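Just coords27.cif here, mmCIF, C-alpha atoms:
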```cif
data_data
#
loop_
_atom_site.group_PDB
_atom_site.id
_atom_site.type_symbol
_atom_site.label_atom_id
_atom_site.label_comp_id
_atom_site.auth_asym_id
_atom_site.auth_seq_id
_atom_site.Cartn_x
_atom_site.Cartn_y
_atom_site.Cartn_z
ATOM 1 C CA MET A 184 -0.671 -18.727 -3.995
ATOM 2 C CA LYS A 185 3.055 -18.349 -3.537
ATOM 3 C CA HIS A 186 3.934 -16.876 -0.159
ATOM 4 C CA LEU A 187 7.262 -15.350 0.816
ATOM 5 C CA ILE A 188 7.830 -14.832 4.543
ATOM 6 C CA ILE A 189 10.624 -12.503 5.619
ATOM 7 C CA TYR A 190 11.392 -13.345 9.224
ATOM 8 C CA ALA A 191 13.643 -11.340 11.542
ATOM 9 C CA HIS A 192 14.274 -12.526 15.092
ATOM 10 C CA PRO A 193 17.583 -13.840 16.451
ATOM 11 C CA HIS A 194 16.196 -16.434 18.871
ATOM 12 C CA PRO A 195 14.607 -19.705 17.666
ATOM 13 C CA GLU A 196 12.789 -20.128 20.991
ATOM 14 C CA SER A 197 11.077 -16.720 20.690
ATOM 15 C CA PHE A 198 7.366 -16.044 20.434
ATOM 16 C CA ASN A 199 8.063 -14.577 17.011
ATOM 17 C CA HIS A 200 9.306 -18.000 15.927
ATOM 18 C CA ALA A 201 6.079 -19.548 17.201
ATOM 19 C CA ILE A 202 4.191 -17.001 15.083
ATOM 20 C CA LEU A 203 6.319 -18.003 12.092
ATOM 21 C CA GLU A 204 5.590 -21.711 12.585
ATOM 22 C CA THR A 205 1.862 -21.038 13.030
ATOM 23 C CA THR A 206 1.765 -18.923 9.867
ATOM 24 C CA VAL A 207 3.639 -21.494 7.776
ATOM 25 C CA ASN A 208 1.470 -24.375 9.001
ATOM 26 C CA ALA A 209 -1.781 -22.488 8.381
ATOM 27 C CA LEU A 210 -0.728 -21.540 4.855
ATOM 28 C CA LYS A 211 0.383 -25.058 3.981
ATOM 29 C CA LYS A 212 -2.876 -26.514 5.309
ATOM 30 C CA ASN A 213 -4.677 -24.232 2.863
ATOM 31 C CA GLY A 214 -2.572 -25.520 -0.033
ATOM 32 C CA HIS A 215 -0.262 -22.535 -0.475
ATOM 33 C CA ASP A 216 3.409 -22.665 -1.448
ATOM 34 C CA VAL A 217 5.586 -21.102 1.259
ATOM 35 C CA VAL A 218 9.187 -19.868 1.202
ATOM 36 C CA VAL A 219 10.741 -18.567 4.439
ATOM 37 C CA ARG A 220 13.754 -16.265 4.458
ATOM 38 C CA ASP A 221 15.073 -16.245 8.029
ATOM 39 C CA LEU A 222 17.420 -13.273 7.883
ATOM 40 C CA TYR A 223 19.418 -14.189 10.993
ATOM 41 C CA ALA A 224 19.810 -17.827 9.909
ATOM 42 C CA LEU A 225 20.927 -16.591 6.485
ATOM 43 C CA ASN A 226 23.366 -14.170 8.146
ATOM 44 C CA PHE A 227 21.994 -11.559 5.765
ATOM 45 C CA GLN A 228 24.352 -8.611 5.364
ATOM 46 C CA PRO A 229 22.115 -5.568 5.965
ATOM 47 C CA VAL A 230 24.452 -2.664 5.210
ATOM 48 C CA LEU A 231 23.902 -0.960 1.867
ATOM 49 C CA LYS A 232 27.421 -0.260 0.625
ATOM 50 C CA PRO A 233 28.675 2.040 -2.130
ATOM 51 C CA GLU A 234 29.723 -0.972 -4.182
ATOM 52 C CA ASP A 235 26.138 -2.271 -4.012
ATOM 53 C CA THR A 236 24.669 0.858 -5.566
ATOM 54 C CA SER A 237 27.472 1.114 -8.115
ATOM 55 C CA ALA A 238 26.951 -2.496 -9.190
ATOM 56 C CA MET A 239 23.183 -2.073 -9.509
ATOM 57 C CA LYS A 240 23.576 1.111 -11.548
ATOM 58 C CA ALA A 241 25.817 -0.902 -13.886
ATOM 59 C CA GLY A 242 23.165 -3.618 -14.179
ATOM 60 C CA GLU A 243 25.177 -6.093 -12.113
ATOM 61 C CA THR A 244 23.079 -6.661 -9.008
ATOM 62 C CA PRO A 245 25.089 -8.373 -6.212
ATOM 63 C CA LYS A 246 24.260 -12.053 -5.882
ATOM 64 C CA ASP A 247 22.765 -11.912 -2.385
ATOM 65 C CA ILE A 248 20.458 -9.052 -3.362
ATOM 66 C CA LYS A 249 19.463 -10.747 -6.632
ATOM 67 C CA THR A 250 18.556 -13.943 -4.759
ATOM 68 C CA GLU A 251 16.136 -12.062 -2.515
ATOM 69 C CA GLN A 252 14.699 -10.082 -5.410
ATOM 70 C CA ASP A 253 14.001 -13.323 -7.272
ATOM 71 C CA HIS A 254 12.051 -14.625 -4.268
ATOM 72 C CA ILE A 255 10.006 -11.409 -4.208
ATOM 73 C CA THR A 256 9.379 -11.555 -7.951
ATOM 74 C CA HIS A 257 7.937 -15.074 -7.711
ATOM 75 C CA ALA A 258 5.752 -14.332 -4.656
ATOM 76 C CA ASP A 259 2.062 -13.425 -4.697
ATOM 77 C CA VAL A 260 2.081 -12.509 -1.002
ATOM 78 C CA ILE A 261 4.935 -11.089 1.078
ATOM 79 C CA THR A 262 4.699 -11.379 4.869
ATOM 80 C CA PHE A 263 7.024 -9.649 7.333
ATOM 81 C CA ILE A 264 7.246 -11.163 10.838
ATOM 82 C CA TYR A 265 9.388 -9.220 13.302
ATOM 83 C CA PRO A 266 9.483 -7.610 16.757
ATOM 84 C CA ILE A 267 9.213 -3.851 17.155
ATOM 85 C CA TRP A 268 12.574 -2.564 18.366
ATOM 86 C CA TRP A 269 12.983 1.139 19.131
ATOM 87 C CA ALA A 270 9.723 1.969 17.351
ATOM 88 C CA GLY A 271 10.665 0.257 14.118
ATOM 89 C CA LEU A 272 12.192 -2.617 12.206
ATOM 90 C CA PRO A 273 15.143 -4.613 13.539
ATOM 91 C CA ALA A 274 18.325 -3.422 11.798
ATOM 92 C CA ILE A 275 18.685 -6.631 9.798
ATOM 93 C CA LEU A 276 15.203 -6.202 8.309
ATOM 94 C CA LYS A 277 15.622 -2.471 7.704
ATOM 95 C CA GLY A 278 18.827 -3.329 5.859
ATOM 96 C CA TYR A 279 16.976 -5.963 3.846
ATOM 97 C CA VAL A 280 14.525 -3.300 2.702
ATOM 98 C CA ASP A 281 17.354 -0.841 1.995
ATOM 99 C CA ARG A 282 19.266 -3.315 -0.174
ATOM 100 C CA VAL A 283 16.548 -5.491 -1.733
ATOM 101 C CA PHE A 284 13.701 -3.020 -2.360
ATOM 102 C CA SER A 285 16.037 -1.078 -4.599
ATOM 103 C CA TYR A 286 15.459 1.586 -7.217
ATOM 104 C CA GLY A 287 14.784 -0.048 -10.560
ATOM 105 C CA PHE A 288 13.505 -3.236 -8.945
ATOM 106 C CA ALA A 289 10.848 -2.220 -6.410
ATOM 107 C CA TYR A 290 10.205 1.345 -7.574
ATOM 108 C CA ALA A 291 11.296 4.012 -10.012
ATOM 109 C CA TYR A 292 10.361 7.577 -10.900
ATOM 110 C CA GLY A 293 8.609 8.685 -14.062
ATOM 111 C CA GLU A 294 6.976 11.796 -15.424
ATOM 112 C CA GLU A 295 3.906 11.235 -13.239
ATOM 113 C CA GLY A 296 5.799 10.364 -10.061
ATOM 114 C CA VAL A 297 6.529 7.044 -8.385
ATOM 115 C CA ILE A 298 6.358 3.889 -10.483
ATOM 116 C CA ARG A 299 5.302 1.071 -8.145
ATOM 117 C CA MET A 300 7.061 -1.946 -9.608
ATOM 118 C CA LEU A 301 5.715 -4.583 -7.202
ATOM 119 C CA SER A 302 2.049 -3.887 -7.941
ATOM 120 C CA GLY A 303 -0.249 -6.905 -7.898
ATOM 121 C CA LYS A 304 1.310 -8.435 -4.789
ATOM 122 C CA LYS A 305 -0.269 -8.514 -1.345
ATOM 123 C CA GLY A 306 1.445 -7.835 1.968
ATOM 124 C CA LEU A 307 0.902 -8.901 5.580
ATOM 125 C CA ILE A 308 2.828 -7.736 8.646
ATOM 126 C CA ILE A 309 2.845 -9.410 12.067
ATOM 127 C CA ASN A 310 4.601 -7.617 14.928
ATOM 128 C CA THR A 311 5.228 -8.061 18.634
ATOM 129 C CA HIS A 312 6.188 -5.421 21.175
ATOM 130 C CA GLY A 313 6.728 -5.315 24.911
ATOM 131 C CA ASN A 314 4.505 -2.351 25.730
ATOM 132 C CA PRO A 315 0.783 -2.920 26.334
ATOM 133 C CA LYS A 316 -1.259 -2.606 23.148
ATOM 134 C CA ASP A 317 -3.601 -0.023 24.718
ATOM 135 C CA TYR A 318 -0.619 2.204 25.523
ATOM 136 C CA TYR A 319 0.653 2.069 21.932
ATOM 137 C CA ASN A 320 -2.851 2.849 20.697
ATOM 138 C CA GLU A 321 -3.190 5.825 23.059
ATOM 139 C CA ILE A 322 0.102 7.498 22.149
ATOM 140 C CA GLY A 323 -0.375 6.980 18.412
ATOM 141 C CA MET A 324 2.451 4.475 18.059
ATOM 142 C CA THR A 325 0.225 1.776 16.521
ATOM 143 C CA THR A 326 -0.933 4.200 13.838
ATOM 144 C CA GLY A 327 2.628 5.390 13.305
ATOM 145 C CA LEU A 328 3.962 1.864 12.856
ATOM 146 C CA LYS A 329 1.270 1.066 10.313
ATOM 147 C CA ILE A 330 1.934 4.241 8.337
ATOM 148 C CA THR A 331 5.691 3.652 8.318
ATOM 149 C CA SER A 332 5.581 0.052 7.139
ATOM 150 C CA ASP A 333 2.220 -0.415 5.383
ATOM 151 C CA THR A 334 2.287 2.911 3.559
ATOM 152 C CA GLY A 335 5.953 3.829 3.609
ATOM 153 C CA ILE A 336 7.258 0.446 2.477
ATOM 154 C CA PHE A 337 4.545 -1.792 1.046
ATOM 155 C CA GLU A 338 2.246 0.732 -0.640
ATOM 156 C CA PHE A 339 5.189 2.790 -1.892
ATOM 157 C CA VAL A 340 6.322 -0.115 -4.077
ATOM 158 C CA GLY A 341 2.814 -1.253 -5.022
ATOM 159 C CA ILE A 342 2.252 -4.058 -2.514
ATOM 160 C CA GLU A 343 -1.327 -4.041 -1.201
ATOM 161 C CA PRO A 344 -1.401 -4.356 2.627
ATOM 162 C CA VAL A 345 -4.114 -6.865 3.549
ATOM 163 C CA ASP A 346 -3.580 -6.641 7.314
ATOM 164 C CA HIS A 347 -1.135 -5.604 10.030
ATOM 165 C CA ILE A 348 -1.344 -7.509 13.310
ATOM 166 C CA LEU A 349 0.386 -6.173 16.423
ATOM 167 C CA PHE A 350 0.638 -8.107 19.689
ATOM 168 C CA GLY A 351 1.478 -6.133 22.819
ATOM 169 C CA SER A 352 2.875 -7.016 26.256
ATOM 170 C CA VAL A 353 4.893 -9.870 24.749
ATOM 171 C CA GLY A 354 7.355 -11.108 27.339
ATOM 172 C CA SER A 355 5.046 -10.541 30.306
ATOM 173 C CA LEU A 356 2.028 -12.743 29.551
ATOM 174 C CA ASP A 357 0.969 -16.235 30.599
ATOM 175 C CA GLU A 358 0.884 -19.308 28.376
ATOM 176 C CA GLU A 359 -2.837 -19.067 27.703
ATOM 177 C CA ALA A 360 -2.451 -15.522 26.369
ATOM 178 C CA TYR A 361 0.239 -16.637 23.923
ATOM 179 C CA LYS A 362 -1.908 -19.555 22.796
ATOM 180 C CA GLY A 363 -4.739 -17.125 22.156
ATOM 181 C CA MET A 364 -2.459 -14.919 20.053
ATOM 182 C CA LEU A 365 -1.299 -17.873 17.964
ATOM 183 C CA LYS A 366 -4.929 -18.878 17.471
ATOM 184 C CA GLU A 367 -5.619 -15.351 16.254
ATOM 185 C CA VAL A 368 -2.761 -15.665 13.741
ATOM 186 C CA GLU A 369 -4.103 -18.975 12.470
ATOM 187 C CA GLU A 370 -7.643 -17.615 12.120
ATOM 188 C CA LYS A 371 -6.417 -14.493 10.356
ATOM 189 C CA ILE A 372 -4.387 -16.525 7.851
ATOM 190 C CA ASN A 373 -7.414 -18.721 7.190
ATOM 191 C CA SER A 374 -9.755 -15.763 6.700
ATOM 192 C CA LEU A 375 -7.341 -13.867 4.446
ATOM 193 C CA PHE A 376 -6.084 -16.617 2.185
ATOM 194 C CA THR A 377 -8.450 -19.606 2.125
ATOM 195 C CA GLN A 378 -10.520 -17.986 -0.623
ATOM 196 C CA TYR A 379 -7.432 -17.554 -2.797
ATOM 197 C CA ALA A 380 -6.435 -21.198 -2.396
ATOM 198 C CA LEU A 381 -9.911 -22.339 -3.383
ATOM 199 C CA THR A 382 -10.057 -20.165 -6.499
ATOM 200 C CA LYS A 383 -6.636 -21.096 -7.866
#
```
If you convert what's in this file into structure tokens, what do you get?
Amino acid sequence: MKHLIIYAHPHPESFNHAILETTVNALKKNGHDVVVRDLYALNFQPVLKPEDTSAMKAGETPKDIKTEQDHITHADVITFIYPIWWAGLPAILKGYVDRVFSYGFAYAYGEEGVIRMLSGKKGLIINTHGNPKDYYNEIGMTTGLKITSDTGIFEFVGIEPVDHILFGSVGSLDEEAYKGMLKEVEEKINSLFTQYALTK
């Protein structure tokens, strides 16, 4: 399978980066093709500007948007790896969705409603947050985050969410806890995608 990973964290020494490396290594061990788009390293411009929408309406998609759309088109699986900031996506990733998952590429409207133009692809999301996981579960934040991104982004454009992993208390744990989380990522990747590698 062809995997596209959209990664959004500004610090290369972060736990999110360790999650990224673990994910890439697990996928490659299973024989998958992997492309990583590190939005901070790319200095991706996240602001949707009037000239962007005007150009796309004229059929002249800006080059940086077209590049990302081509990566999405060629991917079987799209994975988002990012920290939860202020109950949502980091601005650079939200801007990526705003600009790249555009009308006419990711979705459209027809007589029967939404046309989901990225159907047939699978989606995985891996998040970290500083609050304890139990607290997020209790106040409904975990459910809210899954609805916003799994349903509101992935399912809206036809991408099938296969899982959404959230790690809490990141930044206040010991080394063994982080190792356990990375092991969980590796095992999840193996359980989700080994079968696809073997049947290709």
ask   = Smallest atom-to-atom distance to Thr311 of chain A: which of A:Ser352, A:Thr244, A:Thr236, A:Thr256, using all atoms listed in the file?
value = A:Ser352
Each segment 196-231 of chain A residue no farther than 8 Å from segment 274-287 of chain A, nearest pair in Å, all atoms listed in the file, as a Markdown table:
```
| residue | atom | partner | partner_atom | distance |
| --- | --- | --- | --- | --- |
| A:Leu222 | CA | A:Ile275 | CA | 7.0 |
| A:Tyr223 | CA | A:Ile275 | CA | 7.7 |
| A:Phe227 | CA | A:Ile275 | CA | 7.2 |
| A:Gln228 | CA | A:Ile275 | CA | 7.5 |
| A:Pro229 | CA | A:Gly278 | CA | 4.0 |
| A:Val230 | CA | A:Gly278 | CA | 5.7 |
| A:Leu231 | CA | A:Arg282 | CA | 5.6 |
```
Close residues, segment 296-308 of chain A itself excluded, 10 Å, all atoms listed in the file, min 5 positions apart in chain, as a PyMOL selection string = chain A and resi 186-189+255-265+284+286-291+329+332-333+337-349+372+375
Residue among A:Gly293, A:Thr334, A:Val217, A:Gly354 lying closest to Pro315 of chain A, counting all atoms listed in the file =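 The shortest atom-to-atom distance to Pro315 of chain A comes from A:Gly354.
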For atom CA of His312 of chain A and atom CA of Phe350 of chain A, the interatomic separation in Å (one decimal) = 6.3 Å
key: For atom CA of Val368 of chain A and atom CA of Thr206 of chain A, the interatomic separation in Å (one decimal)   =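 So the answer is 6.8 Å.
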query = What gap, in Å, lies between atom CA of Tyr292 of chain A and atom CA of Thr250 of chain A?
reply =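 For atom CA of Tyr292 of chain A relative to atom CA of Thr250 of chain A, the distance reads 23.8 Å.
Between His194 of chain A and the candidates A:Leu272, A:Ala224, A:Ile248, A:Ile336, the tightest atom-to-atom separation, counting only C-alpha atoms, involves A:Ala224.
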Selection dump of the PyMOL selection byres ((chain A and resi 198) around 10), as a ChimeraX atom specification = /A:192,194-197,199-204,266,311,353-354,361,364-365
request  = For each of A:Glu321, A:Thr205, A:Asn314, A:Pro245, take the minimum atom-to-atom distance to Gly363 of chain A, counting all atoms listed in the file, then give the residue where this is smallest.
outcome  =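 Result for the nearest residue to Gly363 of chain A: A:Thr205.
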Take segment 321-333 of chain A, model N, CA, C and O atoms, and hand the result over as an mmCIF file, in the coordinates of the input.
```cif
data_model
loop_
_atom_site.group_PDB
_atom_site.id
_atom_site.type_symbol
_atom_site.label_atom_id
_atom_site.label_comp_id
_atom_site.auth_asym_id
_atom_site.auth_seq_id
_atom_site.Cartn_x
_atom_site.Cartn_y
_atom_site.Cartn_z
ATOM 1 N N GLU A 321 -2.929 4.507 22.471
ATOM 2 C CA GLU A 321 -3.190 5.825 23.059
ATOM 3 C C GLU A 321 -2.179 6.874 22.599
ATOM 4 O O GLU A 321 -2.540 8.027 22.343
ATOM 5 N N ILE A 322 -0.917 6.497 22.494
ATOM 6 C CA ILE A 322 0.102 7.498 22.149
ATOM 7 C C ILE A 322 0.294 7.646 20.635
ATOM 8 O O ILE A 322 1.112 8.449 20.181
ATOM 9 N N GLY A 323 -0.466 6.867 19.861
ATOM 10 C CA GLY A 323 -0.375 6.980 18.412
ATOM 11 C C GLY A 323 0.693 6.115 17.777
ATOM 12 O O GLY A 323 0.914 6.179 16.563
ATOM 13 N N MET A 324 1.370 5.297 18.590
ATOM 14 C CA MET A 324 2.451 4.475 18.059
ATOM 15 C C MET A 324 1.922 3.413 17.090
ATOM 16 O O MET A 324 2.541 3.143 16.051
ATOM 17 N N THR A 325 0.792 2.801 17.412
ATOM 18 C CA THR A 325 0.225 1.776 16.521
ATOM 19 C C THR A 325 -0.041 2.361 15.143
ATOM 20 O O THR A 325 0.338 1.777 14.119
ATOM 21 N N THR A 326 -0.664 3.526 15.115
ATOM 22 C CA THR A 326 -0.933 4.200 13.838
ATOM 23 C C THR A 326 0.368 4.538 13.125
ATOM 24 O O THR A 326 0.501 4.346 11.909
ATOM 25 N N GLY A 327 1.340 5.033 13.887
ATOM 26 C CA GLY A 327 2.628 5.390 13.305
ATOM 27 C C GLY A 327 3.346 4.204 12.686
ATOM 28 O O GLY A 327 3.915 4.302 11.590
ATOM 29 N N LEU A 328 3.306 3.068 13.366
ATOM 30 C CA LEU A 328 3.962 1.864 12.856
ATOM 31 C C LEU A 328 3.309 1.391 11.563
ATOM 32 O O LEU A 328 3.985 0.947 10.631
ATOM 33 N N LYS A 329 1.985 1.494 11.520
ATOM 34 C CA LYS A 329 1.270 1.066 10.313
ATOM 35 C C LYS A 329 1.562 1.996 9.137
ATOM 36 O O LYS A 329 1.758 1.540 8.007
ATOM 37 N N ILE A 330 1.625 3.291 9.411
ATOM 38 C CA ILE A 330 1.934 4.241 8.337
ATOM 39 C C ILE A 330 3.350 4.003 7.814
ATOM 40 O O ILE A 330 3.586 3.971 6.599
ATOM 41 N N THR A 331 4.294 3.812 8.717
ATOM 42 C CA THR A 331 5.691 3.652 8.318
ATOM 43 C C THR A 331 5.907 2.420 7.459
ATOM 44 O O THR A 331 6.595 2.481 6.430
ATOM 45 N N SER A 332 5.315 1.295 7.858
ATOM 46 C CA SER A 332 5.581 0.052 7.139
ATOM 47 C C SER A 332 4.546 -0.263 6.073
ATOM 48 O O SER A 332 4.906 -0.609 4.936
ATOM 49 N N ASP A 333 3.261 -0.123 6.379
ATOM 50 C CA ASP A 333 2.220 -0.415 5.383
ATOM 51 C C ASP A 333 2.271 0.575 4.222
ATOM 52 O O ASP A 333 2.268 0.190 3.052
#
```
